[in-house]
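Below is one structure; the comments refer to it alone.
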Amino acid sequence: MNYFTALLFATLFSASLFAQDLLTNPAQRQSTSLDGSWNFIVDPYENGYYDYRWQPNPNGFFKNEKPKSKSERIEYDFDKSEVLNVPGDWNSQKKELFFYEGTIWYKKSFDFQKNVGKRVFLRFGAANYRALVYLNGEKLGEHVGGFTPFTFEITDLVKEKDNFLVVKVDNKRCAECVPTLNTDWWNYGGLTRSVKIIETPGTFINDFFIQLKKGSMHEVSGWTKLIGRQLKQHITVDIPLARIHRRFETDANGFAHFTFSADLALWSPDDPKLYDVTIASETDTVSERIGFRTIEAKETQILLNGRPVFLRGISVHEEAPLRSGRANNAEDALTLLGWAKELGCNFVRLAHYPHNEFMTEEADRMGLLVWSEIPVYWTIQWDNDSTYRNASRQLAEMIARDKNRASVAFWSVSNETPIGEPRLAFLKGLLIQARLADSTRLLTAAMERHYTDATTQMIDDPLGEFVDVLGCNEYIGWYDGLPEKADNIKWKTVYNKPLIMSEFGGDALYGFHADSLTIWSEEFQEHLYKHQLSMLRRIPFLRGMSPWILMDFRSPRRQLPGIQDFRNRKGLISNEGNKKKAFFVLQKYYSEVKQAKQSRP
Ligand code: GCB
């Protein structure tokens, strides 16, 4: 893909941000949960979808058929099949599905009392990876990408009694997918986040964006968008605690931009102040708790509310603590982010895909800055337009969902992708798109570095020119020599920009004690952290770090019996919740940095 195609896509996709249906975080809307038990059918050969000539079968499993006579042959029956819990991945719910990658059909029956004049939508928090959705035998649509929400309107299809919702979820990996075939995390499949029915008025507030205007601490700006027949309306924006009540008009397309001055207490990790914000039209009202803060990059500094900040971070996978599988509820978020707080963090990198909404909402409440990213990871098909569109849509959906979260300070477009022309055009396109959709966040990517001589690490990835903040992963002392190697390493960059060391670390099995040269031991990991931290202290342009990683997580690449057992053991905390020695090394360091009110290490 050349640069101009990328630019075109970027523009189209940021525009499509405004066109998508009901992407607003619906937390405050009236909704009916469809969570709980769903019947399921495992379909490795996709017989429920294709006929024996591999043509889509018009009478697939989505018809949820029952024999109408005693001679009729129907070779499946959802109601006699087992159940899975939604939200939840299938791999951790059934032993026989642990390694399963392929199609599973889900079915939920429900009744629904429709209110006259209302519009009804189905909202999926996420389905990994490809979802085909059918209501009462009719196809509603499909969605690709495992970590972002999607909605379908069901106003005309939903009935009062005996609805059946069937979803074909397929998590087969593929080369052109985002992520692609190869990752270092478990490919948890299924309806991994909540499913809800949401009712809105006939003309409804489809979405809104409200933040401090870029570069200002006293001006709020944003937009709101109506969908429906009555597009020209009065809109009010209310922030009662700040005594703000403003009135605007939407244009003929239902769109209103607004800007007004406000004297707000600013959100920060030390004081995560949130305001109740209500946006009302003549036909609809939505409310959210929202914080206001500025985030900027100036030369090598990161400025939060105008002041230099050092990001005491940790990387986190969306892995359920104290049990296995995908994290998917408020309690998981409290545990994971609570551990980050205990470590002394003011920052988390939510790797390597958009995490569930509880995480960013909880980060808003607890006071943690967030790096949020899309799964453009390792070896994406840079030349494939459909891969680009897929990544672009995931980026649009991530931004659409979390653009009002004060915690989210960074949008990241990629992780450890190999330098090259098509990759640069691809990622540049995504950066332009992110900038057009949201100019208030800093853009970044986790890049690689290279040696210019035996002791000099250089960050000069051409992508660095287009991001606001350099992200960099390094594994000196683990994949690259022994921990002492870090002692002699100097870091350089060709860019006058701040650096976040977005990964470093090494594996340790909790409870395995030995000397500091014995790999896999807690002592080795502890030793590695000590040497890393003293190296990081010497990087003049370093403004933050998010070591790899908070908690051990499942990965099919990690095979070593007795040690890894399909888990990446780089966690500072084991999957059972036990803190390893390195946790306390980092905790001590973060407390020193915090006490010294340092904006650099
Ligand atoms: C990396 C990747 C991360 C892996 C980690 C590791 O560089 O970004 O996804 O899990 O290394 O443990 O090797």
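Here's how to read the names in the structure tokens: chain A, B, ... by the order shown, residue numbers from 1 in each chain, ligand numbers from 1 in the order shown.
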
Give one line per residue of chain A that approaches ligand 1 to at most 8 Å, naming the two atoms of the closest pair and their distance in Å to one decimal, counting only C-alpha atoms and all ligand atoms; sort by chain then ascending residue number and deliver it as JSON lines.
{"residue": "A:Thr183", "atom": "CA", "partner": "ligand 1", "partner_atom_place_in_ligand_line": "9 (O)", "distance": 6.9}
{"residue": "A:Asp184", "atom": "CA", "partner": "ligand 1", "partner_atom_place_in_ligand_line": "10 (O)", "distance": 5.0}
{"residue": "A:Trp185", "atom": "CA", "partner": "ligand 1", "partner_atom_place_in_ligand_line": "10 (O)", "distance": 7.0}
{"residue": "A:Ala351", "atom": "CA", "partner": "ligand 1", "partner_atom_place_in_ligand_line": "9 (O)", "distance": 7.7}
{"residue": "A:His352", "atom": "CA", "partner": "ligand 1", "partner_atom_place_in_ligand_line": "9 (O)", "distance": 7.0}
{"residue": "A:Tyr377", "atom": "CA", "partner": "ligand 1", "partner_atom_place_in_ligand_line": "8 (O)", "distance": 7.7}
{"residue": "A:Asn415", "atom": "CA", "partner": "ligand 1", "partner_atom_place_in_ligand_line": "8 (O)", "distance": 6.1}
{"residue": "A:Glu416", "atom": "CA", "partner": "ligand 1", "partner_atom_place_in_ligand_line": "8 (O)", "distance": 6.2}
{"residue": "A:Ala446", "atom": "CA", "partner": "ligand 1", "partner_atom_place_in_ligand_line": "8 (O)", "distance": 7.9}
{"residue": "A:Asn473", "atom": "CA", "partner": "ligand 1", "partner_atom_place_in_ligand_line": "7 (O)", "distance": 6.0}
{"residue": "A:Glu474", "atom": "CA", "partner": "ligand 1", "partner_atom_place_in_ligand_line": "7 (O)", "distance": 7.1}
{"residue": "A:Tyr475", "atom": "CA", "partner": "ligand 1", "partner_atom_place_in_ligand_line": "7 (O)", "distance": 7.6}
{"residue": "A:Glu503", "atom": "CA", "partner": "ligand 1", "partner_atom_place_in_ligand_line": "7 (O)", "distance": 6.8}
{"residue": "A:Phe504", "atom": "CA", "partner": "ligand 1", "partner_atom_place_in_ligand_line": "11 (O)", "distance": 7.9}
{"residue": "A:Gly505", "atom": "CA", "partner": "ligand 1", "partner_atom_place_in_ligand_line": "12 (O)", "distance": 7.7}
{"residue": "A:Gly506", "atom": "CA", "partner": "ligand 1", "partner_atom_place_in_ligand_line": "12 (O)", "distance": 7.2}
{"residue": "A:Asp507", "atom": "CA", "partner": "ligand 1", "partner_atom_place_in_ligand_line": "12 (O)", "distance": 7.7}
{"residue": "A:Trp548", "atom": "CA", "partner": "ligand 1", "partner_atom_place_in_ligand_line": "5 (C)", "distance": 6.9}
{"residue": "A:Asn568", "atom": "CA", "partner": "ligand 1", "partner_atom_place_in_ligand_line": "12 (O)", "distance": 6.2}
{"residue": "A:Arg569", "atom": "CA", "partner": "ligand 1", "partner_atom_place_in_ligand_line": "12 (O)", "distance": 7.9}
{"residue": "A:Lys570", "atom": "CA", "partner": "ligand 1", "partner_atom_place_in_ligand_line": "12 (O)", "distance": 6.3}

Those residues with C-alpha atoms, as an mmCIF file, in the first residue's frame please?
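Produced file again_26.cif, reproduced below:
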data_model
loop_
_atom_site.group_PDB
_atom_site.id
_atom_site.type_symbol
_atom_site.label_atom_id
_atom_site.label_comp_id
_atom_site.auth_asym_id
_atom_site.auth_seq_id
_atom_site.Cartn_x
_atom_site.Cartn_y
_atom_site.Cartn_z
ATOM 1 C CA THR A 183 1.396 -13.967 18.775
ATOM 2 C CA ASP A 184 2.572 -14.581 22.330
ATOM 3 C CA TRP A 185 -0.851 -14.827 23.974
ATOM 4 C CA ALA A 351 -1.244 -4.781 25.882
ATOM 5 C CA HIS A 352 -1.705 -5.864 23.044
ATOM 6 C CA TYR A 377 1.647 -7.134 16.240
ATOM 7 C CA ASN A 415 4.016 -3.544 18.565
ATOM 8 C CA GLU A 416 7.472 -4.678 17.408
ATOM 9 C CA ALA A 446 6.289 -0.012 20.585
ATOM 10 C CA ASN A 473 10.806 -2.917 23.791
ATOM 11 C CA GLU A 474 14.144 -4.409 24.837
ATOM 12 C CA TYR A 475 15.148 -7.672 26.490
ATOM 13 C CA GLU A 503 8.832 -3.645 27.654
ATOM 14 C CA PHE A 504 11.726 -5.331 29.430
ATOM 15 C CA GLY A 505 11.837 -8.309 31.763
ATOM 16 C CA GLY A 506 12.475 -12.018 32.091
ATOM 17 C CA ASP A 507 10.652 -15.184 33.163
ATOM 18 C CA TRP A 548 6.763 -6.871 30.900
ATOM 19 C CA ASN A 568 4.685 -16.693 29.831
ATOM 20 C CA ARG A 569 6.299 -16.334 33.274
ATOM 21 C CA LYS A 570 7.520 -12.772 32.961
#

Could I get the residues of region 126-214 of chain A with an atom no further than 8 Å from an atom of region 279-287 of chain A, each paired with its nearest atom pair and that distance in Å to one decimal, using only C-alpha atoms, sorted by chain and residue number, as a Markdown table?
| residue | atom | partner | partner_atom | distance |
| --- | --- | --- | --- | --- |
| A:Thr200 | CA | A:Asp284 | CA | 7.6 |
| A:Pro201 | CA | A:Asp284 | CA | 6.3 |
| A:Gly202 | CA | A:Thr283 | CA | 7.8 |
| A:Thr203 | CA | A:Thr283 | CA | 6.3 |
| A:Phe204 | CA | A:Asp284 | CA | 5.5 |
| A:Ile205 | CA | A:Asp284 | CA | 6.3 |

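One finds CA of Tyr134 (chain A) at 23.3 Å from CA of Glu72 (chain A).
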
Out of region 19-207 of chain A, which residues get strand (DSSP E) from DSSP, as a short mmCIF file (atom, residue, chain, number, x, y, z; two decimals) with N, CA and C atoms, in the first residue's frame?
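And here is the file that came out, part_28.cif:
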data_model
loop_
_atom_site.label_atom_id
_atom_site.label_comp_id
_atom_site.auth_asym_id
_atom_site.auth_seq_id
_atom_site.Cartn_x
_atom_site.Cartn_y
_atom_site.Cartn_z
N SER A 31 -30.56 -0.87 29.63
CA SER A 31 -30.21 -2.04 28.83
C SER A 31 -30.71 -3.31 29.50
N THR A 32 -30.84 -4.34 28.68
CA THR A 32 -31.23 -5.66 29.17
C THR A 32 -30.06 -6.57 28.90
N SER A 33 -29.61 -7.25 29.93
CA SER A 33 -28.43 -8.10 29.74
C SER A 33 -28.82 -9.44 29.14
N GLY A 36 -25.07 -14.70 30.70
CA GLY A 36 -25.52 -15.91 31.38
C GLY A 36 -25.25 -17.12 30.51
N SER A 37 -26.11 -18.14 30.62
CA SER A 37 -25.90 -19.39 29.89
C SER A 37 -26.39 -19.30 28.46
N TRP A 38 -25.55 -19.66 27.53
CA TRP A 38 -25.94 -19.76 26.12
C TRP A 38 -25.67 -21.20 25.69
N ASN A 39 -26.57 -21.79 24.94
CA ASN A 39 -26.29 -23.12 24.37
C ASN A 39 -25.22 -22.96 23.30
N PHE A 40 -24.42 -24.01 23.12
CA PHE A 40 -23.42 -23.91 22.07
C PHE A 40 -23.20 -25.23 21.34
N ILE A 41 -22.75 -25.10 20.10
CA ILE A 41 -22.41 -26.26 19.28
C ILE A 41 -21.01 -26.04 18.72
N VAL A 42 -20.13 -27.01 18.93
CA VAL A 42 -18.77 -26.93 18.37
C VAL A 42 -18.84 -27.41 16.94
N VAL A 83 -23.99 -25.80 27.62
CA VAL A 83 -23.99 -24.33 27.72
C VAL A 83 -22.60 -23.78 28.06
N LEU A 84 -22.39 -22.54 27.62
CA LEU A 84 -21.20 -21.76 27.97
C LEU A 84 -21.68 -20.49 28.62
N ASN A 85 -20.86 -19.95 29.49
CA ASN A 85 -21.22 -18.68 30.10
C ASN A 85 -20.74 -17.51 29.23
N VAL A 86 -21.62 -16.54 29.10
CA VAL A 86 -21.28 -15.29 28.42
C VAL A 86 -21.40 -14.17 29.44
N THR A 103 -14.86 -22.71 14.73
CA THR A 103 -16.19 -22.14 14.90
C THR A 103 -16.94 -22.76 16.07
N ILE A 104 -17.58 -21.90 16.83
CA ILE A 104 -18.58 -22.35 17.81
C ILE A 104 -19.83 -21.52 17.57
N TRP A 105 -20.98 -22.20 17.57
CA TRP A 105 -22.28 -21.52 17.44
C TRP A 105 -22.86 -21.33 18.82
N TYR A 106 -23.30 -20.11 19.09
CA TYR A 106 -23.94 -19.79 20.36
C TYR A 106 -25.42 -19.52 20.10
N LYS A 107 -26.27 -19.92 21.04
CA LYS A 107 -27.70 -19.58 20.90
C LYS A 107 -28.28 -19.16 22.24
N LYS A 108 -29.01 -18.04 22.18
CA LYS A 108 -29.70 -17.58 23.39
C LYS A 108 -31.15 -17.29 23.01
N SER A 109 -32.11 -17.81 23.78
CA SER A 109 -33.52 -17.47 23.55
C SER A 109 -33.93 -16.43 24.57
N PHE A 110 -34.79 -15.51 24.15
CA PHE A 110 -35.22 -14.47 25.11
C PHE A 110 -36.54 -13.85 24.68
N ARG A 119 -36.12 2.60 19.61
CA ARG A 119 -35.29 1.78 18.73
C ARG A 119 -34.51 0.81 19.60
N VAL A 120 -34.27 -0.36 19.05
CA VAL A 120 -33.65 -1.41 19.86
C VAL A 120 -32.36 -1.87 19.16
N PHE A 121 -31.30 -1.99 19.95
CA PHE A 121 -30.00 -2.40 19.42
C PHE A 121 -29.44 -3.56 20.24
N LEU A 122 -28.66 -4.36 19.54
CA LEU A 122 -27.93 -5.43 20.22
C LEU A 122 -26.49 -4.99 20.28
N ARG A 123 -25.90 -5.07 21.46
CA ARG A 123 -24.52 -4.63 21.57
C ARG A 123 -23.64 -5.73 22.15
N PHE A 124 -22.61 -6.07 21.39
CA PHE A 124 -21.63 -7.07 21.83
C PHE A 124 -20.38 -6.32 22.31
N ARG A 130 -14.17 -13.55 14.67
CA ARG A 130 -15.07 -13.24 13.56
C ARG A 130 -16.47 -13.63 14.02
N ALA A 131 -17.41 -12.71 14.00
CA ALA A 131 -18.76 -13.05 14.48
C ALA A 131 -19.79 -12.82 13.39
N LEU A 132 -20.62 -13.84 13.14
CA LEU A 132 -21.80 -13.67 12.27
C LEU A 132 -22.99 -13.73 13.20
N VAL A 133 -23.88 -12.73 13.09
CA VAL A 133 -24.95 -12.63 14.08
C VAL A 133 -26.31 -12.73 13.40
N TYR A 134 -27.18 -13.59 13.95
CA TYR A 134 -28.51 -13.84 13.38
C TYR A 134 -29.56 -13.70 14.48
N LEU A 135 -30.65 -13.01 14.15
CA LEU A 135 -31.76 -12.96 15.09
C LEU A 135 -32.99 -13.55 14.42
N GLU A 138 -32.64 -14.47 10.80
CA GLU A 138 -32.19 -13.44 9.83
C GLU A 138 -30.80 -12.95 10.21
N LYS A 139 -30.00 -12.75 9.16
CA LYS A 139 -28.64 -12.26 9.45
C LYS A 139 -28.66 -10.76 9.79
N LEU A 140 -28.06 -10.41 10.92
CA LEU A 140 -27.96 -8.99 11.29
C LEU A 140 -26.68 -8.38 10.73
N GLY A 141 -25.64 -9.18 10.65
CA GLY A 141 -24.39 -8.65 10.13
C GLY A 141 -23.22 -9.43 10.70
N GLU A 142 -22.03 -8.94 10.42
CA GLU A 142 -20.84 -9.61 10.93
C GLU A 142 -19.84 -8.60 11.45
N HIS A 143 -18.91 -9.10 12.24
CA HIS A 143 -17.87 -8.22 12.78
C HIS A 143 -16.56 -8.99 12.86
N VAL A 144 -15.49 -8.30 12.48
CA VAL A 144 -14.16 -8.90 12.51
C VAL A 144 -13.30 -8.11 13.50
N PHE A 150 -19.44 -3.91 19.05
CA PHE A 150 -20.20 -3.68 17.81
C PHE A 150 -21.69 -3.82 18.10
N THR A 151 -22.48 -3.13 17.29
CA THR A 151 -23.93 -3.12 17.54
C THR A 151 -24.70 -3.38 16.25
N PHE A 152 -25.90 -3.90 16.40
CA PHE A 152 -26.82 -4.06 15.27
C PHE A 152 -28.19 -3.57 15.71
N GLU A 153 -28.90 -2.95 14.80
CA GLU A 153 -30.25 -2.54 15.16
C GLU A 153 -31.20 -3.71 14.96
N ASN A 163 -37.67 -15.04 21.00
CA ASN A 163 -36.59 -14.67 20.08
C ASN A 163 -35.47 -15.69 20.22
N PHE A 164 -34.78 -15.96 19.11
CA PHE A 164 -33.53 -16.72 19.26
C PHE A 164 -32.41 -15.99 18.53
N LEU A 165 -31.36 -15.77 19.31
CA LEU A 165 -30.19 -15.07 18.82
C LEU A 165 -29.09 -16.12 18.63
N VAL A 166 -28.58 -16.21 17.41
CA VAL A 166 -27.53 -17.19 17.13
C VAL A 166 -26.29 -16.44 16.65
N VAL A 167 -25.16 -16.79 17.22
CA VAL A 167 -23.91 -16.14 16.81
C VAL A 167 -22.88 -17.22 16.47
N LYS A 168 -22.35 -17.10 15.26
CA LYS A 168 -21.25 -18.00 14.87
C LYS A 168 -19.96 -17.24 15.19
N VAL A 169 -19.21 -17.77 16.12
CA VAL A 169 -17.93 -17.12 16.46
C VAL A 169 -16.80 -18.04 16.00
N ASP A 170 -15.88 -17.47 15.25
CA ASP A 170 -14.77 -18.26 14.69
C ASP A 170 -13.46 -17.59 15.09
N VAL A 195 -23.14 -9.14 26.39
CA VAL A 195 -24.09 -8.87 25.30
C VAL A 195 -25.31 -8.19 25.92
N LYS A 196 -25.73 -7.10 25.29
CA LYS A 196 -26.83 -6.31 25.87
C LYS A 196 -27.82 -5.91 24.81
N ILE A 197 -29.05 -5.72 25.23
CA ILE A 197 -30.04 -5.07 24.38
C ILE A 197 -30.18 -3.65 24.90
N ILE A 198 -30.07 -2.69 24.00
CA ILE A 198 -30.14 -1.29 24.42
C ILE A 198 -31.30 -0.62 23.69
N GLU A 199 -32.10 0.09 24.45
CA GLU A 199 -33.20 0.84 23.84
C GLU A 199 -32.85 2.31 23.78
N THR A 200 -33.19 2.93 22.68
CA THR A 200 -32.99 4.38 22.57
C THR A 200 -34.28 5.00 22.06
N PHE A 204 -31.78 9.54 18.52
CA PHE A 204 -30.97 9.34 19.72
C PHE A 204 -29.57 9.93 19.56
N ILE A 205 -28.93 10.16 20.69
CA ILE A 205 -27.54 10.62 20.69
C ILE A 205 -26.66 9.42 20.40
N ASN A 206 -26.16 9.39 19.20
CA ASN A 206 -25.36 8.24 18.76
C ASN A 206 -24.01 8.23 19.46
N ASP A 207 -23.47 9.42 19.66
CA ASP A 207 -22.13 9.48 20.22
C ASP A 207 -21.82 10.91 20.63
#

Of the listed residues A:Ala327, A:Trp478, A:Val494, A:Lys118, that which approaches Glu465 (chain A) most closely, counting only C-alpha atoms: A:Val494
